[in-house]
>>> print(open('start31.pdb').read())   # PDB, C-alpha atoms
ATOM      1  CA  MET A   1      27.038   9.691   7.031
ATOM      2  CA  GLU A   2      23.440   9.668   8.070
ATOM      3  CA  THR A   3      22.707   6.944  10.586
ATOM      4  CA  ILE A   4      19.617   4.809  10.376
ATOM      5  CA  ASP A   5      17.604   4.539  13.546
ATOM      6  CA  LEU A   6      17.240   0.774  13.608
ATOM      7  CA  PHE A   7      15.558   0.761  16.995
ATOM      8  CA  GLY A   8      13.017   3.283  15.756
ATOM      9  CA  LEU A   9      12.461   1.221  12.633
ATOM     10  CA  ARG A  10      11.925  -1.883  14.756
ATOM     11  CA  ALA A  11       9.428  -0.023  16.947
ATOM     12  CA  ARG A  12       7.594   1.091  13.813
ATOM     13  CA  PHE A  13       7.451  -2.485  12.493
ATOM     14  CA  ASN A  14       6.213  -3.824  15.816
ATOM     15  CA  GLU A  15       3.629  -1.097  16.169
ATOM     16  CA  SER A  16       2.229  -1.883  12.717
ATOM     17  CA  ARG A  17       2.381  -5.635  13.460
ATOM     18  CA  ILE A  18       4.544  -6.215  10.410
ATOM     19  CA  LEU A  19       5.323  -9.878   9.948
ATOM     20  CA  LEU A  20       7.495  -9.467   6.917
ATOM     21  CA  CYS A  21       8.633  -6.645   4.734
ATOM     22  CA  PHE A  22      10.839  -6.158   1.749
ATOM     23  CA  ASN A  23      11.998  -3.197  -0.277
ATOM     24  CA  GLY A  24      14.251  -3.383  -3.299
ATOM     25  CA  PRO A  25      14.930  -5.103  -6.626
ATOM     26  CA  ILE A  26      13.068  -8.385  -6.757
ATOM     27  CA  SER A  27      14.024 -11.510  -8.709
ATOM     28  CA  ARG A  28      12.281 -14.754  -9.501
ATOM     29  CA  SER A  29      14.296 -16.617  -6.858
ATOM     30  CA  LEU A  30      13.807 -13.875  -4.276
ATOM     31  CA  ILE A  31      10.024 -14.169  -4.696
ATOM     32  CA  GLU A  32      10.366 -17.877  -3.943
ATOM     33  CA  GLU A  33      12.693 -17.378  -0.976
ATOM     34  CA  ILE A  34      10.580 -14.670   0.643
ATOM     35  CA  GLY A  35       7.509 -16.785  -0.106
ATOM     36  CA  ASN A  36       9.110 -19.662   1.718
ATOM     37  CA  ALA A  37       9.851 -17.460   4.731
ATOM     38  CA  LEU A  38       6.258 -16.213   4.598
ATOM     39  CA  LYS A  39       4.924 -19.789   4.629
ATOM     40  CA  ASN A  40       7.053 -20.559   7.691
ATOM     41  CA  TYR A  41       5.923 -17.402   9.502
ATOM     42  CA  LEU A  42       2.289 -18.197   8.819
ATOM     43  CA  GLN A  43       2.743 -21.716  10.111
ATOM     44  CA  ALA A  44       4.474 -20.418  13.250
ATOM     45  CA  ASP A  45       1.661 -17.882  13.584
ATOM     46  CA  ASN A  46      -0.832 -20.788  13.600
ATOM     47  CA  ALA A  47      -2.710 -19.487  10.577
ATOM     48  CA  GLN A  48      -5.481 -21.730   9.228
ATOM     49  CA  PRO A  49      -4.157 -23.655   6.193
ATOM     50  CA  SER A  50      -6.720 -21.968   3.928
ATOM     51  CA  ALA A  51      -5.887 -18.476   5.230
ATOM     52  CA  ALA A  52      -2.169 -19.211   4.955
ATOM     53  CA  MET A  53      -2.691 -20.261   1.354
ATOM     54  CA  ASP A  54      -4.698 -17.125   0.555
ATOM     55  CA  VAL A  55      -1.990 -14.887   2.029
ATOM     56  CA  PHE A  56       0.708 -16.774   0.139
ATOM     57  CA  SER A  57      -1.311 -16.663  -3.053
ATOM     58  CA  VAL A  58      -1.963 -12.911  -2.855
ATOM     59  CA  TYR A  59       1.731 -12.353  -2.136
ATOM     60  CA  VAL A  60       2.749 -14.429  -5.191
ATOM     61  CA  GLU A  61       0.272 -12.760  -7.565
ATOM     62  CA  MET A  62       1.229  -9.253  -6.423
ATOM     63  CA  THR A  63       4.981  -9.785  -6.621
ATOM     64  CA  GLN A  64       4.945 -11.726  -9.897
ATOM     65  CA  ASN A  65       2.745  -9.019 -11.334
ATOM     66  CA  ILE A  66       5.357  -6.423 -10.359
ATOM     67  CA  ARG A  67       8.051  -8.535 -12.069
ATOM     68  CA  HIS A  68       5.982  -8.915 -15.225
ATOM     69  CA  TYR A  69       5.259  -5.208 -15.326
ATOM     70  CA  ALA A  70       8.930  -4.273 -14.873
ATOM     71  CA  ILE A  71       9.999  -6.733 -17.585
ATOM     72  CA  ALA A  72       7.315  -5.537 -20.017
ATOM     73  CA  HIS A  73       8.452  -1.934 -19.537
ATOM     74  CA  ASP A  74      12.174  -2.683 -19.733
ATOM     75  CA  TYR A  75      12.728  -1.240 -16.271
ATOM     76  CA  ASP A  76      16.158  -1.683 -14.732
ATOM     77  CA  GLU A  77      16.523  -3.448 -11.378
ATOM     78  CA  LEU A  78      16.002  -0.313  -9.340
ATOM     79  CA  GLN A  79      13.002   0.919 -11.335
ATOM     80  CA  GLY A  80      11.481  -2.520 -11.004
ATOM     81  CA  SER A  81      11.853  -2.505  -7.210
ATOM     82  CA  ALA A  82       9.029  -3.840  -5.133
ATOM     83  CA  THR A  83       7.880  -2.783  -1.703
ATOM     84  CA  VAL A  84       6.060  -5.600   0.049
ATOM     85  CA  VAL A  85       4.549  -5.741   3.516
ATOM     86  CA  VAL A  86       2.635  -8.530   5.242
ATOM     87  CA  ALA A  87       1.101  -7.482   8.547
ATOM     88  CA  ARG A  88      -1.765  -8.282  10.905
ATOM     89  CA  ASP A  89      -4.424  -5.770  11.733
ATOM     90  CA  ARG A  90      -6.055  -5.277  15.137
ATOM     91  CA  ASP A  91      -8.706  -7.874  14.333
ATOM     92  CA  GLY A  92      -6.046 -10.452  13.546
ATOM     93  CA  ARG A  93      -6.624 -10.329   9.805
ATOM     94  CA  TYR A  94      -3.666 -10.443   7.467
ATOM     95  CA  LEU A  95      -2.863  -7.440   5.330
ATOM     96  CA  VAL A  96      -0.827  -7.969   2.199
ATOM     97  CA  GLN A  97       0.402  -4.796   0.555
ATOM     98  CA  ALA A  98       2.671  -4.429  -2.421
ATOM     99  CA  GLY A  99       3.763  -1.424  -4.432
ATOM    100  CA  ASN A 100       5.904  -0.557  -7.415
ATOM    101  CA  MET A 101       6.687   2.198  -9.838
ATOM    102  CA  VAL A 102       4.371   2.440 -12.834
ATOM    103  CA  GLU A 103       3.833   4.747 -15.810
ATOM    104  CA  ASN A 104       1.371   7.511 -14.886
ATOM    105  CA  THR A 105      -1.175   6.433 -17.472
ATOM    106  CA  ASP A 106      -1.070   2.813 -16.274
ATOM    107  CA  GLY A 107      -1.419   3.990 -12.701
ATOM    108  CA  ASP A 108      -4.719   5.714 -13.447
ATOM    109  CA  ALA A 109      -6.006   2.673 -15.334
ATOM    110  CA  LEU A 110      -4.979   0.379 -12.468
ATOM    111  CA  LEU A 111      -6.729   2.549  -9.888
ATOM    112  CA  ALA A 112      -9.890   2.526 -11.992
ATOM    113  CA  ARG A 113      -9.675  -1.266 -12.356
ATOM    114  CA  VAL A 114      -9.194  -1.783  -8.609
ATOM    115  CA  ARG A 115     -12.235   0.407  -7.889
ATOM    116  CA  GLN A 116     -14.249  -1.572 -10.401
ATOM    117  CA  LEU A 117     -13.232  -4.859  -8.743
ATOM    118  CA  ALA A 118     -13.849  -3.457  -5.257
ATOM    119  CA  ASP A 119     -17.475  -2.824  -6.237
ATOM    120  CA  MET A 120     -18.080  -6.422  -7.301
ATOM    121  CA  ASP A 121     -19.387  -9.130  -5.004
ATOM    122  CA  LYS A 122     -17.891 -12.635  -4.882
ATOM    123  CA  ILE A 123     -20.230 -13.988  -7.556
ATOM    124  CA  GLU A 124     -19.461 -11.153  -9.963
ATOM    125  CA  LEU A 125     -15.749 -11.604  -9.280
ATOM    126  CA  LYS A 126     -15.976 -15.296 -10.073
ATOM    127  CA  ALA A 127     -17.748 -14.541 -13.366
ATOM    128  CA  ALA A 128     -15.113 -11.917 -14.225
ATOM    129  CA  TYR A 129     -12.376 -14.427 -13.374
ATOM    130  CA  LYS A 130     -13.840 -17.113 -15.589
ATOM    131  CA  ALA A 131     -14.376 -14.677 -18.448
ATOM    132  CA  GLN A 132     -10.776 -13.464 -18.163
ATOM    133  CA  LEU A 133      -9.556 -17.068 -18.097
ATOM    134  CA  ARG A 134     -11.188 -17.528 -21.509
ATOM    135  CA  GLN A 135      -9.499 -14.449 -23.003
ATOM    136  CA  PRO A 136      -6.790 -15.095 -25.592
ATOM    137  CA  ARG A 137      -3.351 -15.008 -24.029
ATOM    138  CA  ASP A 138      -2.210 -11.773 -25.703
ATOM    139  CA  ALA A 139      -5.161  -9.810 -24.444
ATOM    140  CA  ASN A 140      -4.048 -10.161 -20.832
ATOM    141  CA  ALA A 141      -0.339  -9.598 -21.313
ATOM    142  CA  SER A 142       1.367  -8.142 -18.287
ATOM    143  CA  THR A 143      -0.690  -4.984 -17.886
ATOM    144  CA  GLY A 144      -1.682  -5.964 -14.388
ATOM    145  CA  ALA A 145      -5.308  -5.818 -15.404
ATOM    146  CA  GLY A 146      -5.528  -9.535 -16.148
ATOM    147  CA  LEU A 147      -6.306 -12.569 -14.091
ATOM    148  CA  GLU A 148      -3.917 -11.680 -11.253
ATOM    149  CA  LEU A 149      -5.828  -8.663 -10.028
ATOM    150  CA  ILE A 150      -9.185 -10.454 -10.124
ATOM    151  CA  ASP A 151      -7.675 -13.385  -8.246
ATOM    152  CA  VAL A 152      -6.339 -11.077  -5.540
ATOM    153  CA  ALA A 153      -9.757  -9.397  -5.309
ATOM    154  CA  ARG A 154     -11.450 -12.781  -4.919
ATOM    155  CA  LYS A 155      -9.186 -13.737  -2.027
ATOM    156  CA  SER A 156      -9.501 -10.444  -0.214
ATOM    157  CA  ALA A 157     -12.054 -10.416   2.615
ATOM    158  CA  SER A 158     -12.583  -6.662   2.345
ATOM    159  CA  PRO A 159     -12.661  -4.822  -0.969
ATOM    160  CA  LEU A 160      -9.234  -4.172  -2.466
ATOM    161  CA  SER A 161      -7.810  -0.735  -1.945
ATOM    162  CA  ALA A 162      -5.138   1.025  -3.936
ATOM    163  CA  SER A 163      -3.378   4.358  -4.033
ATOM    164  CA  LEU A 164      -1.113   6.287  -6.353
ATOM    165  CA  SER A 165       1.702   8.632  -5.279
ATOM    166  CA  GLN A 166       3.317  10.859  -7.852
ATOM    167  CA  ILE A 167       7.064  10.276  -8.349
ATOM    168  CA  SER A 168       7.689  12.399 -11.457
ATOM    169  CA  ASP A 169       5.926  13.673 -14.593
ATOM    170  CA  ARG A 170       6.106  10.180 -15.993
ATOM    171  CA  HIS A 171       5.997   7.858 -13.023
ATOM    172  CA  ALA A 172       3.935   7.126  -9.961
ATOM    173  CA  PHE A 173       4.114   4.626  -7.122
ATOM    174  CA  PHE A 174       1.171   2.245  -7.226
ATOM    175  CA  SER A 175       0.248   0.524  -3.982
ATOM    176  CA  LEU A 176      -2.298  -2.252  -3.595
ATOM    177  CA  ARG A 177      -3.753  -3.760  -0.425
ATOM    178  CA  ALA A 178      -5.669  -6.965   0.213
ATOM    179  CA  THR A 179      -7.079  -8.212   3.525
ATOM    180  CA  ILE A 180      -7.338 -11.871   4.451
TER     181      ILE A 180
ATOM    182  CA  MET B   1      10.456 -39.625 -26.315
ATOM    183  CA  THR B   2       7.504 -41.209 -24.569
ATOM    184  CA  ALA B   3       8.657 -40.731 -20.968
ATOM    185  CA  LEU B   4       8.171 -37.434 -19.179
ATOM    186  CA  HIS B   5       9.695 -37.097 -15.738
ATOM    187  CA  ILE B   6      10.316 -33.717 -14.146
ATOM    188  CA  PRO B   7      11.501 -33.479 -10.539
ATOM    189  CA  ALA B   8       9.713 -30.956  -8.317
ATOM    190  CA  SER B   9      11.293 -27.558  -7.638
ATOM    191  CA  GLN B  10      10.311 -24.892  -5.135
ATOM    192  CA  SER B  11       7.775 -23.426  -7.548
ATOM    193  CA  THR B  12       6.973 -26.308  -9.897
ATOM    194  CA  PRO B  13       5.309 -29.670  -9.262
ATOM    195  CA  SER B  14       6.852 -33.051  -9.990
ATOM    196  CA  VAL B  15       5.611 -34.703 -13.166
ATOM    197  CA  THR B  16       5.741 -38.435 -13.829
ATOM    198  CA  SER B  17       4.230 -40.341 -16.689
ATOM    199  CA  SER B  18       3.558 -43.864 -17.845
ATOM    200  CA  TRP B  19       2.778 -44.236 -21.527
ATOM    201  CA  GLU B  20       1.892 -47.924 -21.003
ATOM    202  CA  GLN B  21      -0.642 -47.129 -18.280
ATOM    203  CA  GLY B  22      -1.855 -43.934 -19.953
ATOM    204  CA  LEU B  23      -1.189 -42.061 -16.736
ATOM    205  CA  LEU B  24       0.240 -38.620 -16.030
ATOM    206  CA  THR B  25       0.778 -37.567 -12.405
ATOM    207  CA  MET B  26       1.526 -34.088 -11.061
ATOM    208  CA  ARG B  27       2.314 -33.393  -7.447
ATOM    209  CA  GLY B  28       3.074 -30.229  -5.465
ATOM    210  CA  ASP B  29       2.810 -26.450  -5.753
ATOM    211  CA  SER B  30       2.792 -24.682  -9.087
ATOM    212  CA  TYR B  31       3.698 -21.008  -9.265
ATOM    213  CA  PRO B  32       6.500 -20.564 -11.795
ATOM    214  CA  GLU B  33       6.923 -17.089 -13.213
ATOM    215  CA  ASN B  34       6.579 -18.526 -16.700
ATOM    216  CA  SER B  35       3.961 -21.273 -16.545
ATOM    217  CA  PHE B  36       3.744 -21.758 -20.280
ATOM    218  CA  GLU B  37       7.383 -22.701 -20.411
ATOM    219  CA  PHE B  38       6.844 -25.301 -17.685
ATOM    220  CA  PHE B  39       3.497 -26.689 -18.853
ATOM    221  CA  GLY B  40       4.619 -26.780 -22.498
ATOM    222  CA  ASP B  41       6.265 -30.196 -22.040
ATOM    223  CA  VAL B  42       3.233 -31.563 -20.202
ATOM    224  CA  ILE B  43       0.883 -30.354 -22.928
ATOM    225  CA  ALA B  44       3.165 -31.801 -25.633
ATOM    226  CA  TRP B  45       3.153 -35.216 -23.881
ATOM    227  CA  ILE B  46      -0.639 -35.242 -23.580
ATOM    228  CA  GLU B  47      -1.174 -34.195 -27.204
ATOM    229  CA  ARG B  48       1.271 -36.817 -28.418
ATOM    230  CA  TYR B  49      -0.345 -39.537 -26.296
ATOM    231  CA  LEU B  50      -3.809 -38.677 -27.580
ATOM    232  CA  LYS B  51      -2.525 -38.714 -31.154
ATOM    233  CA  GLU B  52      -0.425 -41.873 -31.069
ATOM    234  CA  SER B  53      -2.306 -44.067 -28.629
ATOM    235  CA  SER B  54      -5.962 -44.948 -28.616
ATOM    236  CA  ALA B  55      -5.943 -46.204 -25.008
ATOM    237  CA  PRO B  56      -7.554 -44.254 -22.147
ATOM    238  CA  LEU B  57      -5.710 -41.340 -20.523
ATOM    239  CA  ARG B  58      -5.902 -40.534 -16.834
ATOM    240  CA  LEU B  59      -4.446 -37.506 -15.048
ATOM    241  CA  GLU B  60      -3.744 -37.924 -11.372
ATOM    242  CA  LEU B  61      -3.280 -34.567  -9.681
ATOM    243  CA  HIS B  62      -1.987 -33.845  -6.207
ATOM    244  CA  LEU B  63      -1.600 -30.141  -6.876
ATOM    245  CA  VAL B  64      -1.842 -27.794  -3.926
ATOM    246  CA  TYR B  65      -1.224 -24.145  -4.679
ATOM    247  CA  MET B  66      -1.415 -22.791  -8.233
ATOM    248  CA  ASN B  67      -0.776 -19.230  -9.342
ATOM    249  CA  THR B  68      -3.073 -17.709 -11.953
ATOM    250  CA  SER B  69      -0.769 -18.424 -14.877
ATOM    251  CA  SER B  70      -0.610 -22.105 -13.840
ATOM    252  CA  VAL B  71      -4.406 -22.108 -13.627
ATOM    253  CA  LYS B  72      -4.545 -20.770 -17.172
ATOM    254  CA  ALA B  73      -2.135 -23.447 -18.423
ATOM    255  CA  MET B  74      -4.095 -26.149 -16.577
ATOM    256  CA  MET B  75      -7.258 -24.947 -18.242
ATOM    257  CA  ASP B  76      -5.569 -25.406 -21.612
ATOM    258  CA  ILE B  77      -4.867 -29.016 -20.583
ATOM    259  CA  PHE B  78      -8.474 -29.608 -19.551
ATOM    260  CA  ASP B  79      -9.641 -28.079 -22.852
ATOM    261  CA  ILE B  80      -7.514 -30.621 -24.714
ATOM    262  CA  LEU B  81      -9.042 -33.430 -22.632
ATOM    263  CA  GLU B  82     -12.517 -32.033 -23.225
ATOM    264  CA  ASP B  83     -11.991 -32.034 -26.999
ATOM    265  CA  ALA B  84     -10.679 -35.607 -26.860
ATOM    266  CA  HIS B  85     -13.679 -36.652 -24.756
ATOM    267  CA  ARG B  86     -16.109 -35.092 -27.227
ATOM    268  CA  GLY B  87     -14.262 -36.966 -29.953
ATOM    269  CA  GLY B  88     -15.055 -40.240 -28.200
ATOM    270  CA  ARG B  89     -11.811 -40.752 -26.285
ATOM    271  CA  GLN B  90     -11.730 -42.099 -22.759
ATOM    272  CA  VAL B  91     -10.091 -39.451 -20.564
ATOM    273  CA  SER B  92     -10.384 -38.750 -16.845
ATOM    274  CA  VAL B  93      -8.982 -36.638 -14.032
ATOM    275  CA  ASP B  94      -8.566 -37.602 -10.376
ATOM    276  CA  TRP B  95      -7.641 -34.724  -8.121
ATOM    277  CA  PHE B  96      -6.586 -35.543  -4.559
ATOM    278  CA  TYR B  97      -6.456 -32.909  -1.843
ATOM    279  CA  ASP B  98      -5.596 -32.577   1.817
ATOM    280  CA  PRO B  99      -8.950 -32.216   3.641
ATOM    281  CA  ARG B 100      -7.397 -29.669   6.041
ATOM    282  CA  ASN B 101      -7.104 -27.206   3.184
ATOM    283  CA  GLU B 102     -10.453 -26.463   1.551
ATOM    284  CA  ARG B 103      -8.888 -24.006  -0.917
ATOM    285  CA  VAL B 104      -7.589 -26.896  -3.001
ATOM    286  CA  LEU B 105     -11.087 -28.348  -3.156
ATOM    287  CA  ASP B 106     -12.432 -24.947  -4.323
ATOM    288  CA  LEU B 107      -9.747 -24.759  -6.995
ATOM    289  CA  ALA B 108     -10.377 -28.281  -8.321
ATOM    290  CA  ASP B 109     -14.124 -27.789  -8.166
ATOM    291  CA  GLU B 110     -13.968 -24.627 -10.265
ATOM    292  CA  PHE B 111     -12.079 -26.512 -12.965
ATOM    293  CA  ARG B 112     -14.569 -29.355 -12.862
ATOM    294  CA  GLU B 113     -17.470 -26.968 -13.579
ATOM    295  CA  ASP B 114     -16.187 -26.571 -17.133
ATOM    296  CA  CYS B 115     -15.470 -30.236 -17.852
ATOM    297  CA  SER B 116     -17.883 -32.931 -18.990
ATOM    298  CA  PHE B 117     -15.451 -35.879 -18.843
ATOM    299  CA  PRO B 118     -15.116 -37.933 -15.614
ATOM    300  CA  PHE B 119     -13.493 -35.614 -13.053
ATOM    301  CA  GLN B 120     -13.214 -36.894  -9.510
ATOM    302  CA  ILE B 121     -12.117 -34.883  -6.516
ATOM    303  CA  ALA B 122     -11.243 -36.891  -3.428
ATOM    304  CA  ALA B 123      -9.735 -36.210  -0.022
ATOM    305  CA  ASP B 124      -6.347 -37.839   0.446
ATOM    306  CA  GLY B 125      -6.895 -40.883   2.613
TER     307      GLY B 125
END
>>> encode(input="start31.pdb", output="structure tokens")
Amino acid sequence: METIDLFGLRARFNESRILLCFNGPISRSLIEEIGNALKNYLQADNAQPSAAMDVFSVYVEMTQNIRHYAIAHDYDELQGSATVVVARDRDGRYLVQAGNMVENTDGDALLARVRQLADMDKIELKAAYKAQLRQPRDANASTGAGLELIDVARKSASPLSASLSQISDRHAFFSLRATI
Amino acid sequence: MTALHIPASQSTPSVTSSWEQGLLTMRGDSYPENSFEFFGDVIAWIERYLKESSAPLRLELHLVYMNTSSVKAMMDIFDILEDAHRGGRQVSVDWFYDPRNERVLDLADEFREDCSFPFQIAADG
């Protein structure tokens, strides 16, 4: 059996200043439990209450979005897995990154949407948020292009960034990053 | 049923109500996965109160963090209050926040922008 180099993994986590990470099937209660741990870490890390709330908020929107997407596409637990990382960069800012498997076509649309949001300033983002808030409920069903993404963009100090890695003919891994 | 009392959970706020005082209070964080399920009972209580009583209605909010689907549900509530206000009803919102966390003030303030009924935002004393 292949052994896992735990010490190497630890070194990798420390080197990347990873505060918290998760990889695997994610449930409603797990989102809450990890969120709770995240709140405690941020408090122990002496984060400003507003920054702590932004990090928590981005984490919740990203992970709930992954859940909604998986449910809407009838993914099984494994297909609906989430990969989540909260880290600090060299300037002490928080990085919140989350990724999941998506349909290829959705992946391209998501990337385009993230680029569109990354080009908007805070005022434009607020207008987009308010306009989306007024959309009928069905129009922003769990495509990931609704309110959640705009909210994450509004809380991110640097423009959102996203990437897509091909998994198969049908699927890709979509990864999104916000900075707080 | 004129009483609505929901204890707080990890991801949902506590809700208490007094039909006699025309008061609905919500306290805590709100980030349930399905906000419409949770807020459905709150909306039903408000609609029923506005229909069956002609006395004033006041919402007292001590909400801290809200996810986007809770924000959307809360906007539905404020739309109901706005309609009632335009129809001549006395409705108001008092939102209290912890002054150490300005995000809550931003959140409440953004709601207030779209409301013309009395909407006060005050730091918790």
>>> residues_around(input="start31.pdb", residues="stretch 17-19 of chain A", least_positions_apart="5", cutoff="7 Å", atoms="all atoms listed in the file", output="list of chain:residue names")
A:Val85, A:Val86, A:Ala87, A:Arg88
>>> resolve_selection(input="start31.pdb", expression="the PyMOL selection byres ((chain B) within 8 of (chain A))", output="list in words")
Gln10, Ser11, Tyr31, Glu33, Tyr65, Asn67, Thr68, Lys72, Arg100, Asn101, Glu102 and Arg103 of chain B
>>> resolve_selection(input="start31.pdb", expression="the PyMOL selection byres ((chain B and resi 57) around 6)", output="list in words")
Gly22, Leu23, Pro56, Arg58 and Val91 of chain B
>>> atom_distance(input="start31.pdb", atom1="atom CA of B:Arg89", atom2="atom CA of B:Phe38")
25.7 Å
>>> atom_distance(input="start31.pdb", atom1="atom CA of A:Val114", atom2="atom CA of A:Ser81")
21.1 Å
>>> closest_residue(input="start31.pdb", among="B:Asp83, B:Asp106, B:Glu60, B:Glu52", to="B:Arg27", atoms="only C-alpha atoms")
B:Glu60
>>> atom_distance(input="start31.pdb", atom1="atom CA of A:Gly107", atom2="atom CA of B:Ala73")
28.0 Å
>>> closest_residue(input="start31.pdb", among="A:Ile180, A:Leu30, A:Cys21, A:Ala72", to="A:Val84", atoms="only C-alpha atoms")
A:Cys21
>>> residues_around(input="start31.pdb", residues="B:Asp98", least_positions_apart="5", cutoff="9 Å", atoms="all atoms listed in the file", output="ChimeraX atom specification")
/B:62,64,104-105,122-125
>>> resolve_selection(input="start31.pdb", expression="the PyMOL selection byres ((chain B and resi 114) around 10)", output="VMD selection string")
(chain A and resid 130) or (chain B and resid 75 78 to 79 82 109 to 113 115 to 117)
>>> write_last_selection(input="start31.pdb", atoms="C-alpha atoms", output="compact mmCIF listing (two decimals), in the coordinates of the input")
# COMPACT_ATOMS: atom_id res chain seq x y z
CA LYS A 130 -13.84 -17.11 -15.59
CA MET B 75 -7.26 -24.95 -18.24
CA PHE B 78 -8.47 -29.61 -19.55
CA ASP B 79 -9.64 -28.08 -22.85
CA GLU B 82 -12.52 -32.03 -23.22
CA ASP B 109 -14.12 -27.79 -8.17
CA GLU B 110 -13.97 -24.63 -10.26
CA PHE B 111 -12.08 -26.51 -12.96
CA ARG B 112 -14.57 -29.36 -12.86
CA GLU B 113 -17.47 -26.97 -13.58
CA CYS B 115 -15.47 -30.24 -17.85
CA SER B 116 -17.88 -32.93 -18.99
CA PHE B 117 -15.45 -35.88 -18.84
>>> closest_residue(input="start31.pdb", among="B:Pro99, B:Met74, B:Ile46, B:Ile6", to="B:Leu61", atoms="only C-alpha atoms")
B:Met74
>>> closest_residue(input="start31.pdb", among="B:Leu59, B:Ile77, B:Val71, B:Val42", to="B:Pro118", atoms="only C-alpha atoms")
B:Leu59
>>> residues_near_point(input="start31.pdb", point="(-12.6, -34.9, -9.3)", cutoff="7 Å", atoms="all atoms listed in the file", output="PyMOL selection string")
chain B and resi 93-95+112+119-122
>>> write_last_selection(input="start31.pdb", atoms="C-alpha atoms", output="short mmCIF file (atom, residue, chain, number, x, y, z; two decimals), in the frame of the given file")
data_model
loop_
_atom_site.label_atom_id
_atom_site.label_comp_id
_atom_site.auth_asym_id
_atom_site.auth_seq_id
_atom_site.Cartn_x
_atom_site.Cartn_y
_atom_site.Cartn_z
CA VAL B 93 -8.98 -36.64 -14.03
CA ASP B 94 -8.57 -37.60 -10.38
CA TRP B 95 -7.64 -34.72 -8.12
CA ARG B 112 -14.57 -29.36 -12.86
CA PHE B 119 -13.49 -35.61 -13.05
CA GLN B 120 -13.21 -36.89 -9.51
CA ILE B 121 -12.12 -34.88 -6.52
CA ALA B 122 -11.24 -36.89 -3.43
#
>>> residues_around(input="start31.pdb", residues="stretch 119-123 of chain A", least_positions_apart="5", cutoff="10 Å", atoms="all atoms listed in the file", output="ChimeraX atom specification")
/A:114,128-129,153-157,159-160
>>> write_last_selection(input="start31.pdb", atoms="C-alpha atoms", output="compact mmCIF listing (two decimals), in the frame of the given file")
# COMPACT_ATOMS: atom_id res chain seq x y z
CA VAL A 114 -9.19 -1.78 -8.61
CA ALA A 128 -15.11 -11.92 -14.22
CA TYR A 129 -12.38 -14.43 -13.37
CA ALA A 153 -9.76 -9.40 -5.31
CA ARG A 154 -11.45 -12.78 -4.92
CA LYS A 155 -9.19 -13.74 -2.03
CA SER A 156 -9.50 -10.44 -0.21
CA ALA A 157 -12.05 -10.42 2.62
CA PRO A 159 -12.66 -4.82 -0.97
CA LEU A 160 -9.23 -4.17 -2.47
>>> residues_around(input="start31.pdb", residues="B:Thr2", least_positions_apart="3", cutoff="9 Å", atoms="all atoms listed in the file", output="PyMOL selection string")
chain B and resi 17-19+45+48-49
>>> build_atoms(input="start31.pdb", residues="stretch 12-20 of chain B", atoms="N, CA, C and O atoms", output="CSV table (one decimal), keeping the file's coordinate frame")
chain,number,residue,atom,x,y,z
B,12,THR,N,7.6,-25.5,-8.9
B,12,THR,CA,7.0,-26.3,-9.9
B,12,THR,C,6.7,-27.7,-9.4
B,12,THR,O,7.5,-28.2,-8.6
B,13,PRO,N,5.6,-28.3,-9.8
B,13,PRO,CA,5.3,-29.7,-9.3
B,13,PRO,C,6.2,-30.7,-9.9
B,13,PRO,O,6.8,-30.5,-11.0
B,14,SER,N,6.2,-31.9,-9.3
B,14,SER,CA,6.9,-33.1,-10.0
B,14,SER,C,5.9,-33.6,-11.0
B,14,SER,O,4.7,-33.5,-10.9
B,15,VAL,N,6.4,-34.1,-12.1
B,15,VAL,CA,5.6,-34.7,-13.2
B,15,VAL,C,6.2,-36.1,-13.5
B,15,VAL,O,7.4,-36.2,-13.7
B,16,THR,N,5.3,-37.1,-13.4
B,16,THR,CA,5.7,-38.4,-13.8
B,16,THR,C,4.7,-39.0,-14.8
B,16,THR,O,3.5,-38.5,-14.8
B,17,SER,N,5.2,-39.8,-15.7
B,17,SER,CA,4.2,-40.3,-16.7
B,17,SER,C,4.5,-41.8,-17.0
B,17,SER,O,5.6,-42.3,-16.8
B,18,SER,N,3.4,-42.5,-17.4
B,18,SER,CA,3.6,-43.9,-17.8
B,18,SER,C,2.7,-44.0,-19.1
B,18,SER,O,1.5,-44.0,-19.1
B,19,TRP,N,3.4,-44.1,-20.2
B,19,TRP,CA,2.8,-44.2,-21.5
B,19,TRP,C,2.0,-45.5,-21.6
B,19,TRP,O,0.8,-45.5,-22.0
B,20,GLU,N,2.5,-46.6,-21.0
B,20,GLU,CA,1.9,-47.9,-21.0
B,20,GLU,C,0.6,-47.9,-20.2
B,20,GLU,O,-0.4,-48.5,-20.6
